[in-house]
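Peer 1: As input, take coords35.cif (mmCIF, C-alpha atoms and all ligand atoms):
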```
data_entry
loop_
_atom_site.label_atom_id
_atom_site.label_comp_id
_atom_site.auth_asym_id
_atom_site.auth_seq_id
_atom_site.Cartn_x
_atom_site.Cartn_y
_atom_site.Cartn_z
CA MET X 291 195.43 113.06 4.95
CA LEU X 292 193.86 115.84 2.88
CA LYS X 293 195.55 118.58 4.87
CA GLY X 294 195.38 121.89 3.03
CA LYS X 295 193.65 120.44 -0.04
CA LYS X 296 191.04 122.80 -1.41
CA ILE X 297 187.84 121.02 -2.39
CA LEU X 298 185.01 122.84 -4.14
CA ILE X 299 181.63 121.08 -4.15
CA GLY X 300 178.87 122.10 -6.55
CA ILE X 301 175.42 120.89 -5.47
CA THR X 302 172.51 120.72 -7.93
CA GLY X 303 168.78 120.26 -7.40
CA SER X 304 168.48 116.63 -6.42
CA ILE X 305 167.08 114.93 -3.34
CA ALA X 306 170.49 113.26 -2.90
CA ALA X 307 171.85 116.67 -1.83
CA TYR X 308 171.07 115.57 1.77
CA LYS X 309 174.17 113.35 1.61
CA ILE X 310 176.61 116.20 0.99
CA PRO X 311 176.74 117.47 4.62
CA PHE X 312 178.12 114.01 5.57
CA LEU X 313 180.77 114.30 2.86
CA ILE X 314 181.71 117.80 4.04
CA ARG X 315 182.26 116.47 7.56
CA LEU X 316 184.55 113.70 6.31
CA LEU X 317 186.56 116.13 4.20
CA LYS X 318 186.88 118.68 7.00
CA LYS X 319 187.91 116.00 9.48
CA SER X 320 190.76 114.94 7.24
CA GLY X 321 192.07 118.51 6.98
CA ALA X 322 190.62 119.71 3.68
CA GLU X 323 189.29 123.20 3.06
CA VAL X 324 185.79 123.04 1.61
CA ARG X 325 183.72 125.59 -0.27
CA ILE X 326 180.21 125.04 -1.54
CA LEU X 327 178.40 126.28 -4.63
CA LEU X 328 174.69 125.73 -5.18
CA THR X 329 172.45 125.95 -8.20
CA PRO X 330 169.33 128.03 -7.44
CA PHE X 331 167.19 124.86 -7.17
CA ALA X 332 169.63 123.05 -4.83
CA LYS X 333 168.61 125.35 -1.95
CA GLU X 334 165.24 123.57 -1.93
CA PHE X 335 166.97 120.34 -0.90
CA VAL X 336 169.66 121.39 1.55
CA THR X 337 169.97 124.63 3.47
CA PRO X 338 172.85 127.05 2.88
CA LEU X 339 173.05 127.48 6.65
CA THR X 340 173.80 123.77 7.24
CA LEU X 341 176.40 123.78 4.47
CA ALA X 342 178.02 127.03 5.63
CA THR X 343 178.20 125.79 9.22
CA LEU X 344 179.81 122.48 8.28
CA SER X 345 182.20 123.89 5.68
CA GLU X 346 183.02 126.96 7.78
CA ASN X 347 182.72 129.05 4.65
CA ALA X 348 180.00 131.17 3.12
CA VAL X 349 177.93 129.21 0.61
CA LEU X 350 177.73 130.77 -2.83
CA HIS X 351 174.87 130.60 -5.28
CA GLU X 352 174.68 134.00 -6.87
CA PHE X 353 177.10 136.05 -8.93
CA HIS X 354 176.77 138.96 -6.55
CA LYS X 355 175.93 139.60 -2.93
CA ARG X 356 172.52 141.16 -2.44
CA GLY X 357 172.63 144.53 -0.74
CA ASP X 358 176.17 145.70 -1.30
CA GLY X 359 176.31 144.26 -4.85
CA SER X 360 179.82 142.78 -4.41
CA TRP X 361 180.79 140.28 -7.09
CA PHE X 362 181.80 136.60 -6.59
CA SER X 363 184.30 135.74 -9.23
CA HIS X 364 183.84 132.24 -10.64
CA VAL X 365 187.35 132.57 -12.05
CA ASN X 366 188.81 132.96 -8.56
CA LEU X 367 186.90 129.93 -7.31
CA GLY X 368 188.01 127.89 -10.32
CA LEU X 369 191.61 128.83 -9.63
CA TRP X 370 191.31 128.31 -5.86
CA ALA X 371 190.19 124.66 -6.03
CA ASP X 372 192.52 121.64 -6.16
CA LEU X 373 189.48 119.53 -7.07
CA TYR X 374 185.94 120.45 -8.09
CA LEU X 375 183.26 117.87 -7.36
CA VAL X 376 179.78 118.35 -8.78
CA ALA X 377 177.54 116.15 -6.63
CA PRO X 378 174.75 115.30 -6.79
CA LEU X 379 174.65 116.13 -10.49
CA SER X 380 171.15 116.33 -11.92
CA ALA X 381 170.35 115.41 -15.53
CA ASN X 382 169.58 119.07 -16.18
CA THR X 383 172.92 120.47 -15.00
CA MET X 384 174.73 117.55 -16.64
CA GLY X 385 173.15 118.49 -19.99
CA LYS X 386 174.29 122.08 -19.50
CA MET X 387 177.81 121.03 -18.52
CA ALA X 388 178.08 118.81 -21.59
CA HIS X 389 177.15 121.72 -23.83
CA GLY X 390 179.05 124.59 -22.27
CA ILE X 391 175.98 126.36 -20.92
CA ALA X 392 176.90 128.74 -18.10
CA ASP X 393 173.73 130.26 -16.64
CA ASN X 394 174.62 130.00 -12.95
CA LEU X 395 177.68 130.29 -10.70
CA LEU X 396 178.18 126.51 -10.45
CA LEU X 397 178.34 126.23 -14.24
CA THR X 398 180.56 129.26 -14.93
CA THR X 399 182.96 127.83 -12.36
CA VAL X 400 182.99 124.50 -14.26
CA LEU X 401 184.12 126.36 -17.37
CA SER X 402 186.81 128.36 -15.60
CA ALA X 403 188.20 125.63 -13.30
CA ARG X 404 191.74 124.48 -14.02
CA CYS X 405 191.69 121.64 -11.51
CA PRO X 406 190.37 118.10 -12.08
CA ILE X 407 186.57 117.97 -12.18
CA PHE X 408 184.68 114.98 -10.73
CA PHE X 409 180.95 114.47 -11.27
CA ALA X 410 178.57 112.21 -9.39
CA PRO X 411 175.19 111.89 -11.10
CA ALA X 412 172.01 111.17 -9.16
CA MET X 413 168.65 110.75 -10.86
CA ASP X 414 165.82 108.37 -11.52
CA LEU X 415 166.81 105.14 -13.29
CA ASP X 416 165.05 105.88 -16.58
CA MET X 417 166.58 109.33 -16.72
CA TYR X 418 169.99 107.80 -16.02
CA HIS X 419 169.65 105.19 -18.75
CA HIS X 420 168.27 107.66 -21.29
CA LEU X 421 170.44 107.89 -24.38
CA THR X 422 170.86 111.65 -23.92
CA THR X 423 172.14 111.22 -20.36
CA GLN X 424 174.50 108.45 -21.41
CA GLU X 425 175.84 110.57 -24.29
CA ASN X 426 176.30 113.54 -21.94
CA ILE X 427 178.26 111.33 -19.53
CA LYS X 428 180.51 110.15 -22.39
CA LYS X 429 181.00 113.74 -23.51
CA LEU X 430 182.04 114.85 -20.01
CA GLN X 431 184.41 111.90 -19.71
CA SER X 432 185.91 112.68 -23.12
CA ILE X 433 186.88 116.15 -21.91
CA GLY X 434 188.61 114.63 -18.92
CA TYR X 435 185.99 114.92 -16.18
CA ARG X 436 185.95 111.93 -13.87
CA LEU X 437 182.69 110.03 -13.37
CA ILE X 438 181.69 108.79 -9.93
CA GLU X 439 179.07 106.29 -11.01
CA PRO X 440 175.73 106.15 -9.24
CA VAL X 441 174.85 102.95 -7.47
CA GLU X 442 171.83 100.64 -7.56
CA GLY X 443 169.18 100.80 -4.90
CA GLU X 444 165.90 102.29 -3.89
CA LEU X 445 165.26 105.66 -5.49
CA ALA X 446 163.21 108.60 -4.22
CA SER X 447 160.55 107.79 -6.81
CA GLY X 448 160.01 104.38 -5.23
CA LEU X 449 161.58 102.65 -8.22
CA LYS X 450 164.58 100.42 -7.76
CA GLY X 451 167.66 100.57 -9.95
CA MET X 452 170.70 102.56 -10.95
CA GLY X 453 170.68 106.26 -10.09
CA ARG X 454 171.42 106.62 -6.37
CA LEU X 455 174.23 109.01 -5.56
CA GLU X 456 177.30 107.13 -4.41
CA GLU X 457 177.59 107.08 -0.61
CA PRO X 458 179.56 109.97 1.00
CA GLU X 459 182.15 107.54 2.46
CA MET X 460 182.90 106.16 -1.02
CA ILE X 461 183.08 109.62 -2.62
CA PHE X 462 185.49 110.60 0.17
CA GLU X 463 187.67 107.53 -0.59
CA ILE X 464 187.73 108.41 -4.31
CA ILE X 465 188.84 111.97 -3.51
CA LYS X 466 191.47 110.68 -1.08
CA ASP X 467 192.81 108.17 -3.65
CA HIS X 468 193.09 110.95 -6.19
CA PHE X 469 195.39 112.99 -3.95
CA GLU X 470 197.34 110.02 -2.61
CA LYS X 471 197.99 108.48 -6.03
CA LYS X 472 201.70 108.01 -6.47
CA LYS X 473 203.34 110.67 -8.61
CA PRO X 474 206.74 109.09 -9.33
CA LEU X 475 207.50 111.62 -12.07
CA LYS X 476 206.71 114.71 -10.02
CA ASN X 477 208.82 117.68 -11.22
CA LYS X 478 210.39 115.56 -13.99
CA LYS X 479 210.31 117.27 -17.35
CA VAL X 480 209.07 115.18 -20.30
CA LEU X 481 209.03 116.07 -23.99
CA VAL X 482 206.56 114.33 -26.31
CA ASN X 483 205.94 115.11 -29.95
CA ALA X 484 202.89 113.91 -31.84
CA GLY X 485 200.79 114.23 -34.95
CA PRO X 486 201.70 114.74 -38.59
CA THR X 487 203.52 117.68 -40.13
CA TYR X 488 202.20 119.64 -43.11
CA GLU X 489 204.78 120.74 -45.68
CA PRO X 490 203.44 123.65 -47.74
CA ILE X 491 203.44 123.60 -51.53
CA ASP X 492 201.63 126.92 -51.86
CA PRO X 493 199.30 128.90 -49.52
CA VAL X 494 196.50 126.33 -49.91
CA ARG X 495 198.20 122.97 -50.49
CA PHE X 496 200.53 120.82 -48.47
CA ILE X 497 202.12 117.39 -48.27
CA GLY X 498 200.93 115.60 -45.14
CA ASN X 499 200.20 112.14 -43.80
CA HIS X 500 197.43 110.22 -42.04
CA SER X 501 198.77 110.48 -38.50
CA SER X 502 195.99 111.51 -36.07
CA GLY X 503 198.28 112.33 -33.14
CA LYS X 504 196.18 110.05 -30.86
CA MET X 505 199.06 107.84 -29.76
CA GLY X 506 201.38 110.71 -28.79
CA VAL X 507 198.63 112.68 -27.05
CA ALA X 508 197.76 109.55 -25.01
CA ILE X 509 201.45 109.21 -24.07
CA ALA X 510 201.53 112.84 -22.93
CA ASP X 511 198.46 112.16 -20.75
CA ALA X 512 199.96 108.96 -19.31
CA PHE X 513 203.09 110.88 -18.26
CA ALA X 514 201.05 113.74 -16.78
CA ASP X 515 199.02 111.20 -14.75
CA LEU X 516 202.27 110.22 -13.05
CA GLY X 517 202.96 113.84 -12.15
CA ALA X 518 205.40 114.71 -14.96
CA ASP X 519 205.78 118.23 -16.25
CA VAL X 520 204.93 117.56 -19.91
CA ASP X 521 205.67 119.64 -23.02
CA LEU X 522 203.72 118.36 -26.02
CA VAL X 523 204.92 119.53 -29.43
CA LEU X 524 201.88 118.86 -31.56
CA GLY X 525 201.57 118.91 -35.34
CA PRO X 526 198.20 119.70 -36.99
CA SER X 527 195.80 117.42 -35.11
CA HIS X 528 192.28 117.47 -33.70
CA GLU X 529 193.44 115.52 -30.66
CA LYS X 530 193.97 117.35 -27.39
CA PRO X 531 195.26 115.92 -24.11
CA LEU X 532 192.79 115.43 -21.26
CA ASN X 533 195.23 116.70 -18.66
CA HIS X 534 195.01 120.49 -18.42
CA GLY X 535 198.52 120.83 -17.02
CA ILE X 536 200.23 119.70 -20.25
CA LYS X 537 201.92 122.53 -22.16
CA ILE X 538 200.94 122.29 -25.83
CA HIS X 539 203.23 123.81 -28.47
CA GLU X 540 201.38 123.83 -31.78
CA VAL X 541 203.54 123.55 -34.89
CA ARG X 542 202.83 122.81 -38.56
CA THR X 543 205.98 121.94 -40.44
CA ALA X 544 208.87 119.54 -39.81
CA SER X 545 211.17 122.52 -39.51
CA GLU X 546 208.98 124.19 -36.82
CA MET X 547 208.74 120.88 -34.97
CA HIS X 548 212.52 120.45 -35.13
CA GLN X 549 213.11 123.93 -33.74
CA LYS X 550 210.64 123.54 -30.86
CA CYS X 551 211.90 120.07 -29.87
CA MET X 552 215.54 121.24 -29.92
CA GLU X 553 214.57 124.15 -27.68
CA ILE X 554 212.85 121.94 -25.06
CA PHE X 555 215.07 118.84 -25.24
CA PRO X 556 218.05 120.01 -23.11
CA SER X 557 215.85 120.30 -20.01
CA ALA X 558 213.86 117.08 -20.59
CA LYS X 559 214.66 113.98 -18.59
CA ILE X 560 212.57 111.76 -20.89
CA SER X 561 211.74 112.46 -24.55
CA VAL X 562 209.32 110.41 -26.63
CA LEU X 563 209.16 111.21 -30.33
CA SER X 564 206.02 109.69 -31.73
CA ALA X 565 205.29 112.29 -34.42
CA ALA X 566 205.02 111.23 -38.05
CA VAL X 567 207.44 113.86 -39.29
CA ALA X 568 207.60 114.38 -43.05
CA ASP X 569 210.91 113.14 -44.44
CA PHE X 570 210.70 115.54 -47.39
CA THR X 571 209.49 119.06 -47.91
CA PRO X 572 209.00 121.07 -51.14
CA SER X 573 212.21 122.97 -51.96
CA HIS X 574 210.19 126.04 -52.93
CA LYS X 575 206.91 127.22 -51.48
CA ALA X 576 204.93 129.24 -54.04
CA ARG X 577 203.87 132.61 -52.61
CA SER X 578 200.51 132.53 -54.40
CA LYS X 579 198.20 129.66 -55.25
CA ILE X 580 199.55 127.66 -58.18
CA LYS X 581 196.97 127.97 -60.98
CA LYS X 582 195.90 124.97 -63.03
CA GLU X 583 196.63 126.71 -66.32
CA ASP X 584 200.22 127.38 -65.23
CA GLY X 585 200.73 123.61 -65.16
CA LEU X 586 202.76 121.73 -62.56
CA GLN X 587 204.78 118.77 -63.80
CA SER X 588 206.60 117.94 -60.61
CA ILE X 589 207.39 119.19 -57.11
CA GLU X 590 211.04 119.35 -56.18
CA LEU X 591 211.61 118.00 -52.69
CA GLU X 592 214.43 118.23 -50.21
CA ALA X 593 215.05 116.20 -47.06
CA THR X 594 213.83 117.58 -43.74
CA LYS X 595 216.02 117.44 -40.66
CA ASP X 596 215.60 114.23 -38.69
CA ILE X 597 214.52 115.51 -35.25
CA LEU X 598 215.17 112.24 -33.44
CA LEU X 599 218.63 111.99 -34.94
CA SER X 600 219.46 115.56 -33.87
CA LEU X 601 218.29 114.86 -30.31
CA GLY X 602 220.17 111.53 -30.22
CA LYS X 603 223.40 113.35 -31.15
CA SER X 604 223.11 115.85 -28.32
CA LYS X 605 221.72 113.41 -25.73
CA LYS X 606 223.40 113.48 -22.30
CA LYS X 607 223.94 110.41 -20.09
CA ASN X 608 221.06 111.27 -17.77
CA GLN X 609 218.53 111.65 -20.59
CA PHE X 610 216.25 108.90 -21.89
CA LEU X 611 215.29 109.06 -25.55
CA VAL X 612 212.51 107.04 -27.18
CA GLY X 613 211.66 106.82 -30.86
CA PHE X 614 208.99 105.12 -32.91
CA ALA X 615 209.43 102.96 -35.98
CA LEU X 616 206.61 102.43 -38.41
CA GLU X 617 207.53 99.50 -40.62
CA THR X 618 205.95 97.27 -43.22
CA ASP X 619 208.83 94.79 -43.84
CA ASN X 620 211.74 93.37 -41.81
CA GLU X 621 210.18 95.19 -38.92
CA ARG X 622 212.42 94.19 -36.03
CA LYS X 623 215.65 94.47 -38.01
CA ASN X 624 214.73 97.94 -39.28
CA ALA X 625 213.64 99.09 -35.82
CA ILE X 626 216.94 98.00 -34.25
CA LYS X 627 218.81 99.78 -37.05
CA LYS X 628 216.93 103.02 -36.21
CA LEU X 629 217.52 102.56 -32.48
CA LYS X 630 221.31 102.33 -33.04
CA ALA X 631 221.57 104.99 -35.75
CA LYS X 632 219.62 107.56 -33.69
CA ASN X 633 221.28 106.73 -30.32
CA LEU X 634 218.01 105.75 -28.61
CA ASP X 635 217.36 104.04 -25.29
CA MET X 636 214.19 102.42 -26.54
CA ILE X 637 212.12 102.15 -29.71
CA VAL X 638 208.40 101.45 -30.11
CA LEU X 639 207.69 99.36 -33.17
CA ASN X 640 204.41 99.54 -35.07
CA SER X 641 203.90 97.10 -37.86
CA LEU X 642 201.37 98.12 -40.47
CA LYS X 643 200.88 94.40 -41.12
CA ASP X 644 199.01 94.10 -37.80
CA ASP X 645 195.25 94.61 -38.05
CA GLY X 646 194.02 97.46 -35.86
CA ALA X 647 197.51 98.97 -35.52
CA GLY X 648 198.95 102.23 -36.82
CA PHE X 649 197.55 105.57 -37.91
CA SER X 650 193.82 105.45 -38.37
CA HIS X 651 192.70 103.33 -35.42
CA ASP X 652 191.80 103.88 -31.78
CA THR X 653 193.80 100.75 -31.03
CA ASN X 654 197.44 99.85 -31.55
CA LYS X 655 199.68 96.80 -31.35
CA ILE X 656 203.28 97.47 -30.47
CA SER X 657 206.59 95.83 -29.68
CA ILE X 658 209.16 97.62 -27.58
CA ILE X 659 212.88 97.11 -28.11
CA ASP X 660 215.45 98.40 -25.63
CA ASN X 661 219.07 99.31 -26.36
CA LYS X 662 220.21 95.78 -25.42
CA GLU X 663 217.90 94.55 -28.19
CA ASN X 664 215.47 92.88 -25.77
CA CYS X 665 212.08 92.81 -27.43
CA MET X 666 208.74 92.93 -25.59
CA GLU X 667 205.52 92.14 -27.45
CA PHE X 668 202.18 93.65 -26.44
CA SER X 669 198.66 92.65 -27.49
CA LEU X 670 196.22 94.84 -29.43
CA LYS X 671 194.87 97.49 -27.02
CA ASP X 672 193.21 100.86 -26.89
CA LYS X 673 195.77 103.62 -27.50
CA SER X 674 195.35 105.03 -23.98
CA GLN X 675 196.26 101.61 -22.58
CA VAL X 676 199.17 101.26 -25.02
CA ALA X 677 200.41 104.64 -23.75
CA VAL X 678 200.36 103.33 -20.16
CA ASP X 679 202.41 100.26 -21.30
CA ILE X 680 204.96 102.52 -23.03
CA VAL X 681 205.33 104.83 -20.02
CA GLN X 682 205.56 101.88 -17.61
CA THR X 683 208.28 100.25 -19.72
CA ILE X 684 210.23 103.51 -19.76
CA MET X 685 209.96 103.69 -15.96
CA ASN X 686 211.18 100.08 -15.61
CA LEU X 687 214.14 100.67 -17.93
CA LEU X 688 215.02 103.92 -16.13
CA ASP X 689 215.07 102.04 -12.82
CA ASN X 690 217.65 99.64 -14.27
CA LYS X 691 219.70 102.22 -16.19
N1 LIG X 701 211.61 111.17 -37.11
C1 LIG X 701 212.04 112.43 -36.80
N2 LIG X 701 212.28 113.33 -37.79
C2 LIG X 701 212.12 113.00 -39.08
C3 LIG X 701 211.67 111.69 -39.40
C4 LIG X 701 211.40 110.81 -38.38
O1 LIG X 701 212.18 112.75 -35.62
N3 LIG X 701 212.35 113.92 -40.00
C5 LIG X 701 211.37 110.22 -36.00
C6 LIG X 701 209.92 109.79 -35.81
O2 LIG X 701 209.23 110.66 -34.92
C7 LIG X 701 210.09 108.40 -35.23
C8 LIG X 701 211.39 107.90 -35.82
O3 LIG X 701 212.08 109.06 -36.29
O4 LIG X 701 210.23 108.46 -33.82
C9 LIG X 701 211.28 106.93 -36.95
O5 LIG X 701 210.42 107.41 -37.93
P1 LIG X 701 210.10 106.54 -39.22
O6 LIG X 701 209.21 107.32 -40.13
O7 LIG X 701 209.67 105.15 -38.81
O8 LIG X 701 211.53 106.36 -39.85
P2 LIG X 701 212.49 107.28 -40.63
O9 LIG X 701 213.66 107.55 -39.73
O10 LIG X 701 211.79 108.46 -41.18
O11 LIG X 701 212.98 106.29 -41.78
P3 LIG X 701 212.12 105.58 -42.95
O12 LIG X 701 211.03 106.55 -43.30
O13 LIG X 701 213.14 105.38 -43.99
O14 LIG X 701 211.62 104.29 -42.37
#
```
Represent the structure contained in this file as structure tokens.
Peer 2:
Amino acid sequence: MLKGKKILIGITGSIAAYKIPFLIRLLKKSGAEVRILLTPFAKEFVTPLTLATLSENAVLHEFHKRGDGSWFSHVNLGLWADLYLVAPLSANTMGKMAHGIADNLLLTTVLSARCPIFFAPAMDLDMYHHLTTQENIKKLQSIGYRLIEPVEGELASGLKGMGRLEEPEMIFEIIKDHFEKKKPLKNKKVLVNAGPTYEPIDPVRFIGNHSSGKMGVAIADAFADLGADVDLVLGPSHEKPLNHGIKIHEVRTASEMHQKCMEIFPSAKISVLSAAVADFTPSHKARSKIKKEDGLQSIELEATKDILLSLGKSKKKNQFLVGFALETDNERKNAIKKLKAKNLDMIVLNSLKDDGAGFSHDTNKISIIDNKENCMEFSLKDKSQVAVDIVQTIMNLLDNK
């Protein structure tokens, strides 16, 4: 089941550490390789000898081996693992993880790991419900770490409530599900563009727009979740994908975005162009800052290249091309016009008339129109959920293409 999968477990100082030997046995039985890292305090709760015996690997807790002084590289461990589980995770180590503190081997490995990181908190109920703990959990989730929620029950303190480490059998199932999740887009190359573009007027000023890049970044993540090999061409944006495997190509201007998309497009099976590309750019960019006293009556503009149109023209039969349409009037008619003119297989329509939809929200309300002009309406949802709907619709249309 987990044959050959490399699982790294980081144990922190919590009484629940006694459950980890059971988890190690389950993982080893199903064919996984297991390595264990301890914080200095964790050794008080579970012995390195037990863990080393069950995992059949030396247990690490220091940066170097006493005696011969040889060095354990946290980078190597971070690269070795297919999954890094920190369990039980104490409030103390959670606080450090949420703030990038790296004062032991377990924590430095968190910062250098490239694999998915799962964390399973265990603590007393008041500590768990404390605002700081809850904010730290949110922070860890926002950077893409996966929470294995504690369960309710009797706690070591004698209190009853939320805070017990999830049972080893359940943690094992969660790990197994992660590896067995279907990856229908494995090895398929996907191009997504996102964000605004900034068109320079002079070295300090530009023409831009309100796009946050959230929608496109969520689409990139939804594709990566299905195993796709994603290239994200991203205009100036604070948004970053959660999935570490996504290749990000940062660009600023419409022209840079055009060039990068053209370069990647020929090898992409699916391309989704969600970026709010500027339609116009200043004809001349001043080399130095334009001074007030010099006066500026107008800015001469010229049209940018339409990226989607260029891709549509060179699209091959086996490629699937998706565009967006942001409309305020005659929405459906305008979207269909764009779909035909740009040779698309599907267009995602945003109407700025819908409350909670468009640029500056965490939510969006979309309609999807395919190249047979079938229109599917979706309700107002969080952008990550909208992204899943978009990707699922693409998969359905591809199946029937
Ligand atoms: N688009 C593009 N390159 C441009 C302009 C737009 O690739 N220079 C793409 C967008 O990423 C989007 C689609 O074209 O997928 C439609 O963008 P939109 O702004 O709605 O329409 P435009 O084609 O720019 O037309 P208009 O602004 O007149 O509505």
Peer 1: Select, from X:Lys296, X:His651, X:Lys386, X:Lys630, the residue with the minimum atom-to-atom distance to ligand LIG 701 (chain X), counting only C-alpha atoms and all ligand atoms.
Peer 2: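 Closest residue, counting only C-alpha atoms and all ligand atoms: X:Lys630.
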Peer 1: X:Pro556, X:Gly613, X:Pro490, X:Gly646: which is nearest ligand LIG 701 (chain X), counting only C-alpha atoms and all ligand atoms?
Peer 2: X:Gly613
Peer 1: Quick one, how far is CA of Leu350 (chain X) from CA of Ile326 (chain X)?
Peer 2: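 Interatomic distance here is 6.4 Å.
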Peer 1: Calculated over only C-alpha atoms, which of the candidates X:Leu599, X:Met417, X:Thr399, X:Glu459 has the smallest distance to Pro311 (chain X)?
Peer 2: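 Smallest distance to Pro311 (chain X) is found for X:Glu459.
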Peer 1: Of the candidates X:Lys671, X:Lys603, X:His548, X:Lys450, which shows the shortest atom-to-atom distance to ligand LIG 701 (chain X), using only C-alpha atoms and all ligand atoms?
Peer 2: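 Of X:Lys671, X:Lys603, X:His548, X:Lys450, the one nearest ligand LIG 701 (chain X), counting only C-alpha atoms and all ligand atoms, is X:His548.
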Peer 1: Within 8 Å of region 333-338 of chain X, counting all atoms listed in the file, which residues show up once you throw out same-chain ones fewer than 2 positions away? Write them as a PDB file with C-alpha atoms, in the coordinates of the input, please.
Peer 2:
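The result, written out as selection_10.pdb:
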```
ATOM      1  CA  GLY X 303     168.780 120.260  -7.400  1.00  0.00           C
ATOM      2  CA  SER X 304     168.480 116.630  -6.420  1.00  0.00           C
ATOM      3  CA  ILE X 305     167.080 114.930  -3.340  1.00  0.00           C
ATOM      4  CA  ALA X 307     171.850 116.670  -1.830  1.00  0.00           C
ATOM      5  CA  TYR X 308     171.070 115.570   1.770  1.00  0.00           C
ATOM      6  CA  LEU X 328     174.690 125.730  -5.180  1.00  0.00           C
ATOM      7  CA  THR X 329     172.450 125.950  -8.200  1.00  0.00           C
ATOM      8  CA  PRO X 330     169.330 128.030  -7.440  1.00  0.00           C
ATOM      9  CA  PHE X 331     167.190 124.860  -7.170  1.00  0.00           C
ATOM     10  CA  THR X 340     173.800 123.770   7.240  1.00  0.00           C
ATOM     11  CA  LEU X 341     176.400 123.780   4.470  1.00  0.00           C
ATOM     12  CA  ALA X 342     178.020 127.030   5.630  1.00  0.00           C
ATOM     13  CA  VAL X 349     177.930 129.210   0.610  1.00  0.00           C
TER      14      VAL X 349
END
```
Peer 1: Any residue with an atom at most 6 Å from ligand LIG 701 (chain X) counts, using all atoms listed in the file. Which are they? Put them as an NGL selection string.
Peer 2: :X and (563-569 or 594-598 or 613-616)
Peer 1: Neighbouring residues of Leu369 (chain X) were defined as those with any atom within 10 Å, considering all atoms listed in the file; residues of the same chain fewer than 2 positions away were excluded. Please report them as a ChimeraX atom specification.
Peer 2: /X:364-367,371-373,399,402-405
Peer 1: Please identify all polymer residues within 9 Å of Ala412 (chain X), counting all atoms listed in the file, omitting same-chain residues fewer than 5 positions from it, and present them as a VMD selection string.
Peer 2: chain X and resid 304 to 306 377 to 381 418 439 to 441 452 to 456
Peer 1: Might you pull out every residue within 9 Å of region 514-531 of chain X, with all atoms listed in the file counted and same-chain residues fewer than 5 positions away left off, and present them as a PDB file with C-alpha atoms, in the frame of the given file?
Peer 2:
```pdb
ATOM      1  CA  ILE X 433     186.880 116.150 -21.910  1.00  0.00           C
ATOM      2  CA  GLY X 434     188.610 114.630 -18.920  1.00  0.00           C
ATOM      3  CA  LYS X 471     197.990 108.480  -6.030  1.00  0.00           C
ATOM      4  CA  LYS X 472     201.700 108.010  -6.470  1.00  0.00           C
ATOM      5  CA  LYS X 473     203.340 110.670  -8.610  1.00  0.00           C
ATOM      6  CA  PRO X 474     206.740 109.090  -9.330  1.00  0.00           C
ATOM      7  CA  LEU X 475     207.500 111.620 -12.070  1.00  0.00           C
ATOM      8  CA  LYS X 476     206.710 114.710 -10.020  1.00  0.00           C
ATOM      9  CA  ASN X 477     208.820 117.680 -11.220  1.00  0.00           C
ATOM     10  CA  LYS X 478     210.390 115.560 -13.990  1.00  0.00           C
ATOM     11  CA  LYS X 479     210.310 117.270 -17.350  1.00  0.00           C
ATOM     12  CA  VAL X 480     209.070 115.180 -20.300  1.00  0.00           C
ATOM     13  CA  LEU X 481     209.030 116.070 -23.990  1.00  0.00           C
ATOM     14  CA  VAL X 482     206.560 114.330 -26.310  1.00  0.00           C
ATOM     15  CA  ASN X 483     205.940 115.110 -29.950  1.00  0.00           C
ATOM     16  CA  ALA X 484     202.890 113.910 -31.840  1.00  0.00           C
ATOM     17  CA  GLY X 485     200.790 114.230 -34.950  1.00  0.00           C
ATOM     18  CA  PRO X 486     201.700 114.740 -38.590  1.00  0.00           C
ATOM     19  CA  THR X 487     203.520 117.680 -40.130  1.00  0.00           C
ATOM     20  CA  TYR X 488     202.200 119.640 -43.110  1.00  0.00           C
ATOM     21  CA  SER X 501     198.770 110.480 -38.500  1.00  0.00           C
ATOM     22  CA  SER X 502     195.990 111.510 -36.070  1.00  0.00           C
ATOM     23  CA  GLY X 503     198.280 112.330 -33.140  1.00  0.00           C
ATOM     24  CA  LYS X 504     196.180 110.050 -30.860  1.00  0.00           C
ATOM     25  CA  GLY X 506     201.380 110.710 -28.790  1.00  0.00           C
ATOM     26  CA  VAL X 507     198.630 112.680 -27.050  1.00  0.00           C
ATOM     27  CA  ALA X 508     197.760 109.550 -25.010  1.00  0.00           C
ATOM     28  CA  ILE X 509     201.450 109.210 -24.070  1.00  0.00           C
ATOM     29  CA  ILE X 536     200.230 119.700 -20.250  1.00  0.00           C
ATOM     30  CA  LYS X 537     201.920 122.530 -22.160  1.00  0.00           C
ATOM     31  CA  ILE X 538     200.940 122.290 -25.830  1.00  0.00           C
ATOM     32  CA  HIS X 539     203.230 123.810 -28.470  1.00  0.00           C
ATOM     33  CA  GLU X 540     201.380 123.830 -31.780  1.00  0.00           C
ATOM     34  CA  VAL X 541     203.540 123.550 -34.890  1.00  0.00           C
ATOM     35  CA  ARG X 542     202.830 122.810 -38.560  1.00  0.00           C
ATOM     36  CA  THR X 543     205.980 121.940 -40.440  1.00  0.00           C
ATOM     37  CA  ALA X 544     208.870 119.540 -39.810  1.00  0.00           C
ATOM     38  CA  MET X 547     208.740 120.880 -34.970  1.00  0.00           C
ATOM     39  CA  LYS X 550     210.640 123.540 -30.860  1.00  0.00           C
ATOM     40  CA  CYS X 551     211.900 120.070 -29.870  1.00  0.00           C
ATOM     41  CA  ILE X 554     212.850 121.940 -25.060  1.00  0.00           C
ATOM     42  CA  ALA X 558     213.860 117.080 -20.590  1.00  0.00           C
ATOM     43  CA  ALA X 565     205.290 112.290 -34.420  1.00  0.00           C
ATOM     44  CA  ALA X 566     205.020 111.230 -38.050  1.00  0.00           C
ATOM     45  CA  VAL X 567     207.440 113.860 -39.290  1.00  0.00           C
TER      46      VAL X 567
END
```
